[in-house]
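**Student:** File follows, run.cif with mmCIF, C-alpha atoms:
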data_final
#
loop_
_atom_site.group_PDB
_atom_site.id
_atom_site.type_symbol
_atom_site.label_atom_id
_atom_site.label_comp_id
_atom_site.auth_asym_id
_atom_site.auth_seq_id
_atom_site.Cartn_x
_atom_site.Cartn_y
_atom_site.Cartn_z
ATOM 1 C CA MET A 26 -1.013 16.398 3.999
ATOM 2 C CA LYS A 27 0.624 14.155 6.501
ATOM 3 C CA VAL A 28 2.081 10.884 5.361
ATOM 4 C CA ILE A 29 3.539 8.593 7.954
ATOM 5 C CA LEU A 30 5.914 5.997 6.670
ATOM 6 C CA ILE A 31 5.964 3.238 9.199
ATOM 7 C CA GLY A 32 9.139 1.543 8.038
ATOM 8 C CA ILE A 33 11.988 2.451 5.794
ATOM 9 C CA ILE A 34 13.441 -0.821 4.634
ATOM 10 C CA ILE A 35 13.801 -1.907 1.042
ATOM 11 C CA ILE A 36 13.193 -5.594 0.568
ATOM 12 C CA PHE A 37 14.040 -7.085 -2.795
ATOM 13 C CA LEU A 38 11.684 -9.915 -3.628
ATOM 14 C CA ASN A 39 11.899 -12.292 -6.550
ATOM 15 C CA GLY A 40 9.137 -14.283 -8.140
ATOM 16 C CA CYS A 41 6.298 -12.754 -6.119
ATOM 17 C CA SER A 42 3.284 -12.013 -8.247
ATOM 18 C CA PRO A 43 0.370 -9.931 -7.058
ATOM 19 C CA VAL A 44 -3.138 -11.125 -7.748
ATOM 20 C CA TYR A 45 -6.181 -9.051 -8.654
ATOM 21 C CA ILE A 46 -9.392 -9.892 -6.876
ATOM 22 C CA LYS A 47 -12.817 -8.377 -7.308
ATOM 23 C CA GLY A 48 -14.284 -6.787 -4.222
ATOM 24 C CA GLU A 49 -17.865 -5.667 -3.714
ATOM 25 C CA SER A 50 -16.852 -2.037 -4.241
ATOM 26 C CA GLY A 51 -14.586 -2.588 -7.266
ATOM 27 C CA ASN A 52 -11.064 -3.724 -7.921
ATOM 28 C CA GLU A 53 -8.731 -4.325 -5.047
ATOM 29 C CA TYR A 54 -5.075 -5.190 -5.097
ATOM 30 C CA LEU A 55 -4.084 -8.211 -3.070
ATOM 31 C CA ASP A 56 -0.410 -8.189 -2.376
ATOM 32 C CA THR A 57 0.905 -11.732 -2.143
ATOM 33 C CA LEU A 58 4.384 -10.384 -1.432
ATOM 34 C CA SER A 59 6.559 -13.262 -0.386
ATOM 35 C CA ASN A 60 3.626 -15.285 0.945
ATOM 36 C CA ARG A 61 5.250 -15.087 4.345
ATOM 37 C CA ARG A 62 8.612 -16.339 3.005
ATOM 38 C CA ASP A 63 10.137 -13.017 4.042
ATOM 39 C CA PRO A 64 12.023 -13.544 7.334
ATOM 40 C CA ASP A 65 10.656 -10.193 8.586
ATOM 41 C CA TRP A 66 7.016 -10.985 7.724
ATOM 42 C CA GLY A 67 6.070 -11.449 11.394
ATOM 43 C CA TYR A 68 7.535 -8.063 12.259
ATOM 44 C CA TRP A 69 5.582 -6.287 9.496
ATOM 45 C CA LYS A 70 2.401 -8.078 10.561
ATOM 46 C CA GLU A 71 2.875 -6.635 14.061
ATOM 47 C CA VAL A 72 3.469 -3.162 12.605
ATOM 48 C CA ARG A 73 0.153 -3.380 10.726
ATOM 49 C CA GLU A 74 -1.682 -4.634 13.815
ATOM 50 C CA GLN A 75 -0.273 -1.792 15.939
ATOM 51 C CA TYR A 76 -1.255 0.781 13.318
ATOM 52 C CA VAL A 77 -4.832 -0.509 13.114
ATOM 53 C CA SER A 78 -5.079 -0.711 16.897
ATOM 54 C CA SER A 79 -3.891 2.870 17.387
ATOM 55 C CA HIS A 80 -6.124 4.292 14.607
ATOM 56 C CA LYS A 81 -9.379 2.332 15.187
ATOM 57 C CA ASP A 82 -11.477 5.497 15.458
ATOM 58 C CA GLU A 83 -10.093 6.978 12.224
ATOM 59 C CA ILE A 84 -10.230 3.944 9.900
ATOM 60 C CA THR A 85 -13.343 2.132 8.717
ATOM 61 C CA LYS A 86 -13.727 -1.492 9.806
ATOM 62 C CA GLU A 87 -13.506 -2.524 6.152
ATOM 63 C CA ASN A 88 -10.135 -0.782 5.711
ATOM 64 C CA GLN A 89 -8.857 -2.137 9.031
ATOM 65 C CA ASP A 90 -9.469 -5.665 7.723
ATOM 66 C CA LYS A 91 -7.812 -4.835 4.376
ATOM 67 C CA ILE A 92 -4.708 -3.424 6.062
ATOM 68 C CA LEU A 93 -4.325 -6.587 8.124
ATOM 69 C CA LYS A 94 -4.790 -8.756 5.003
ATOM 70 C CA VAL A 95 -2.305 -6.602 2.995
ATOM 71 C CA ILE A 96 -4.970 -5.493 0.517
ATOM 72 C CA VAL A 97 -4.800 -2.045 -1.035
ATOM 73 C CA SER A 98 -8.060 -0.719 -2.484
ATOM 74 C CA LEU A 99 -9.363 2.398 -4.150
ATOM 75 C CA GLY A 100 -10.382 5.114 -1.704
ATOM 76 C CA MET A 101 -7.708 4.314 0.873
ATOM 77 C CA THR A 102 -5.705 7.242 2.210
ATOM 78 C CA THR A 103 -1.958 7.586 1.721
ATOM 79 C CA GLU A 104 -1.520 6.741 5.387
ATOM 80 C CA GLU A 105 -3.614 3.562 5.096
ATOM 81 C CA VAL A 106 -1.654 2.435 2.033
ATOM 82 C CA SER A 107 1.640 3.150 3.836
ATOM 83 C CA ALA A 108 0.446 1.004 6.730
ATOM 84 C CA THR A 109 -0.709 -1.785 4.406
ATOM 85 C CA TRP A 110 2.547 -1.947 2.444
ATOM 86 C CA CYS A 111 4.783 -0.842 5.322
ATOM 87 C CA HIS A 112 7.360 -3.422 4.251
ATOM 88 C CA LEU A 113 7.933 -1.605 0.912
ATOM 89 C CA THR A 114 9.296 1.852 0.148
ATOM 90 C CA PRO A 115 7.820 3.704 -2.832
ATOM 91 C CA LYS A 116 9.347 6.456 -4.907
ATOM 92 C CA VAL A 117 6.862 9.314 -4.609
ATOM 93 C CA ASN A 118 6.298 11.771 -7.455
ATOM 94 C CA ARG A 119 4.173 14.722 -6.327
ATOM 95 C CA SER A 120 2.447 17.363 -8.453
ATOM 96 C CA VAL A 121 0.799 20.379 -6.823
ATOM 97 C CA TYR A 122 -1.910 22.221 -8.732
ATOM 98 C CA SER A 123 -4.348 25.000 -7.864
ATOM 99 C CA PHE A 124 -7.077 22.329 -7.659
ATOM 100 C CA GLY A 125 -5.193 19.844 -5.492
ATOM 101 C CA VAL A 126 -2.261 17.493 -5.039
ATOM 102 C CA HIS A 127 -1.636 14.430 -7.207
ATOM 103 C CA GLU A 128 0.870 11.755 -6.257
ATOM 104 C CA GLN A 129 2.253 8.746 -8.058
ATOM 105 C CA TRP A 130 3.817 6.080 -5.848
ATOM 106 C CA VAL A 131 6.135 3.742 -7.734
ATOM 107 C CA TYR A 132 7.130 0.397 -6.240
ATOM 108 C CA ARG A 133 10.178 -0.456 -8.349
ATOM 109 C CA ASP A 134 11.359 -3.337 -6.189
ATOM 110 C CA ARG A 135 8.321 -5.312 -7.341
ATOM 111 C CA ASN A 136 8.057 -7.609 -10.302
ATOM 112 C CA PRO A 137 5.989 -6.366 -12.041
ATOM 113 C CA MET A 138 6.414 -2.741 -10.955
ATOM 114 C CA VAL A 139 3.322 -1.259 -9.339
ATOM 115 C CA TYR A 140 2.082 2.322 -9.665
ATOM 116 C CA LEU A 141 -0.439 3.834 -7.256
ATOM 117 C CA TYR A 142 -2.133 7.166 -8.047
ATOM 118 C CA PHE A 143 -3.517 9.485 -5.366
ATOM 119 C CA LYS A 144 -5.594 12.625 -5.639
ATOM 120 C CA ASN A 145 -5.712 14.810 -2.526
ATOM 121 C CA GLY A 146 -4.580 11.915 -0.335
ATOM 122 C CA LYS A 147 -6.978 9.250 -1.666
ATOM 123 C CA LEU A 148 -6.051 6.289 -3.867
ATOM 124 C CA THR A 149 -7.830 6.754 -7.204
ATOM 125 C CA SER A 150 -6.162 4.126 -9.439
ATOM 126 C CA PHE A 151 -3.319 1.648 -9.739
ATOM 127 C CA GLN A 152 -1.484 -0.207 -12.491
ATOM 128 C CA GLU A 153 1.254 -2.745 -13.128
ATOM 129 C CA ASN A 154 4.093 -2.400 -15.597
ATOM 130 C CA GLU A 155 5.997 -5.514 -16.579
#
Mind converting the file's structure to structure tokens?
**Tutor:**
Amino acid sequence: MKVILIGIIIIFLNGCSPVYIKGESGNEYLDTLSNRRDPDWGYWKEVREQYVSSHKDEITKENQDKILKVIVSLGMTTEEVSATWCHLTPKVNRSVYSFGVHEQWVYRDRNPMVYLYFKNGKLTSFQENE
């Protein structure tokens, strides 16, 4: 499984709360990270746009829009999530079984902390821990 991390910069943010929104296909996670208060927000926006532009044939139109809006949703690949939250660096815990690979991505520099769970490269669930 190939995971491309677009950026490796840890940004510590204070007082930024994520918001849950309901999408047509289930729960999605809207990341309100810094609401563009981050001085590097423009840079990360360009990184997302370049990723979507260079992977148009591989990513659904729906996920292209979510990446650009910084929305992570169930069913996204590890690569799509990395592109969406390219401005954050997770701690990755990986378990390999005979039936597949499970990963837990922990975003500790968030308040509340966010956990993303992948099975064979697809996002299957997420949670917050305050």
**Student:** Which residue, A:Val95, A:Leu113, A:Val121, A:Met138, has the smallest gap to Arg73 (chain A) when you use only C-alpha atoms?
**Tutor:**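 For Arg73 (chain A), the nearest of the given residues is A:Val95.
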**Student:** Find the smallest box with edges along x, y and z containing every listed atom of region 105-124 of chain A, then add 5 Å on each side and report centre and edge lengths in Å to one decimal, as lines of an AutoDock Vina configuration file.
**Tutor:**
center_x = 1.1
center_y = 10.8
center_z = -1.0
size_x = 26.4
size_y = 38.4
size_z = 25.5
**Student:** Can you tell me which residues surround Val131 (chain A) at a distance of at most 9 Å, considering all atoms listed in the file, apart from same-chain residues fewer than 3 positions away, and format the answer as a ChimeraX atom specification?
**Tutor:** /A:114-118,134,138-142
**Student:** Do you know which residues are at most 7 Å from Tyr76 (chain A) counting only C-alpha atoms, after dropping those on the same chain fewer than 4 positions away, and could you put them as a PyMOL selection string?
**Tutor:** chain A and resi 72+80+108
**Student:** Find, counting all atoms listed in the file, the residue in A:Glu155, A:Leu93, A:Gly125, A:Thr149 that gets nearest to Pro137 (chain A).
**Tutor:**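 Closest candidate: A:Glu155.
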**Student:** Which value, in Å to one decimal, gives the distance between CA of Phe151 (chain A) and CA of Ser79 (chain A)?
**Tutor:**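 Answer for the CA of Phe151 (chain A) to CA of Ser79 (chain A) separation: 27.2 Å.
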**Student:** Point out the residue among A:Asn145, A:Thr102, A:Asn136, A:Asn88 with the least atom-to-atom distance to Phe124 (chain A), counting all atoms listed in the file.
**Tutor:**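 Closest residue, counting all atoms listed in the file: A:Asn145.
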**Student:** Please, what distance in Å, to one decimal, runs between CA of Gly100 (chain A) and CA of Gly67 (chain A)?
**Tutor:**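 Separating CA of Gly100 (chain A) from CA of Gly67 (chain A) is a distance of 26.8 Å.
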**Student:** Just how far from CA of Glu104 (chain A) is CA of Trp66 (chain A), in Å to one decimal?
**Tutor:**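 Taking CA of Trp66 (chain A) as the start and CA of Glu104 (chain A) as the end point, the length is 19.8 Å.
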**Student:** Check the smallest atom-to-atom distance from each of A:Glu128, A:Trp110, A:Val77, A:Glu83 to Ser98 (chain A) using only C-alpha atoms, then report the winner.
**Tutor:**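 The shortest atom-to-atom distance to Ser98 (chain A) comes from A:Trp110.
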**Student:** May I ask which of the residues A:Arg119, A:His112, A:Gln152, A:Lys147 is the closest one to Leu99 (chain A), counting all atoms listed in the file?
**Tutor:**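 Residue with the minimum atom-to-atom distance to Leu99 (chain A): A:Lys147.
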**Student:** Considering all atoms listed in the file, state which residue in the set A:Arg133, A:Lys86, A:Gly146, A:Glu74 is at the smallest distance from Thr109 (chain A).
**Tutor:**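 When distances to Thr109 (chain A) are compared using all atoms listed in the file, the smallest one comes from A:Glu74.
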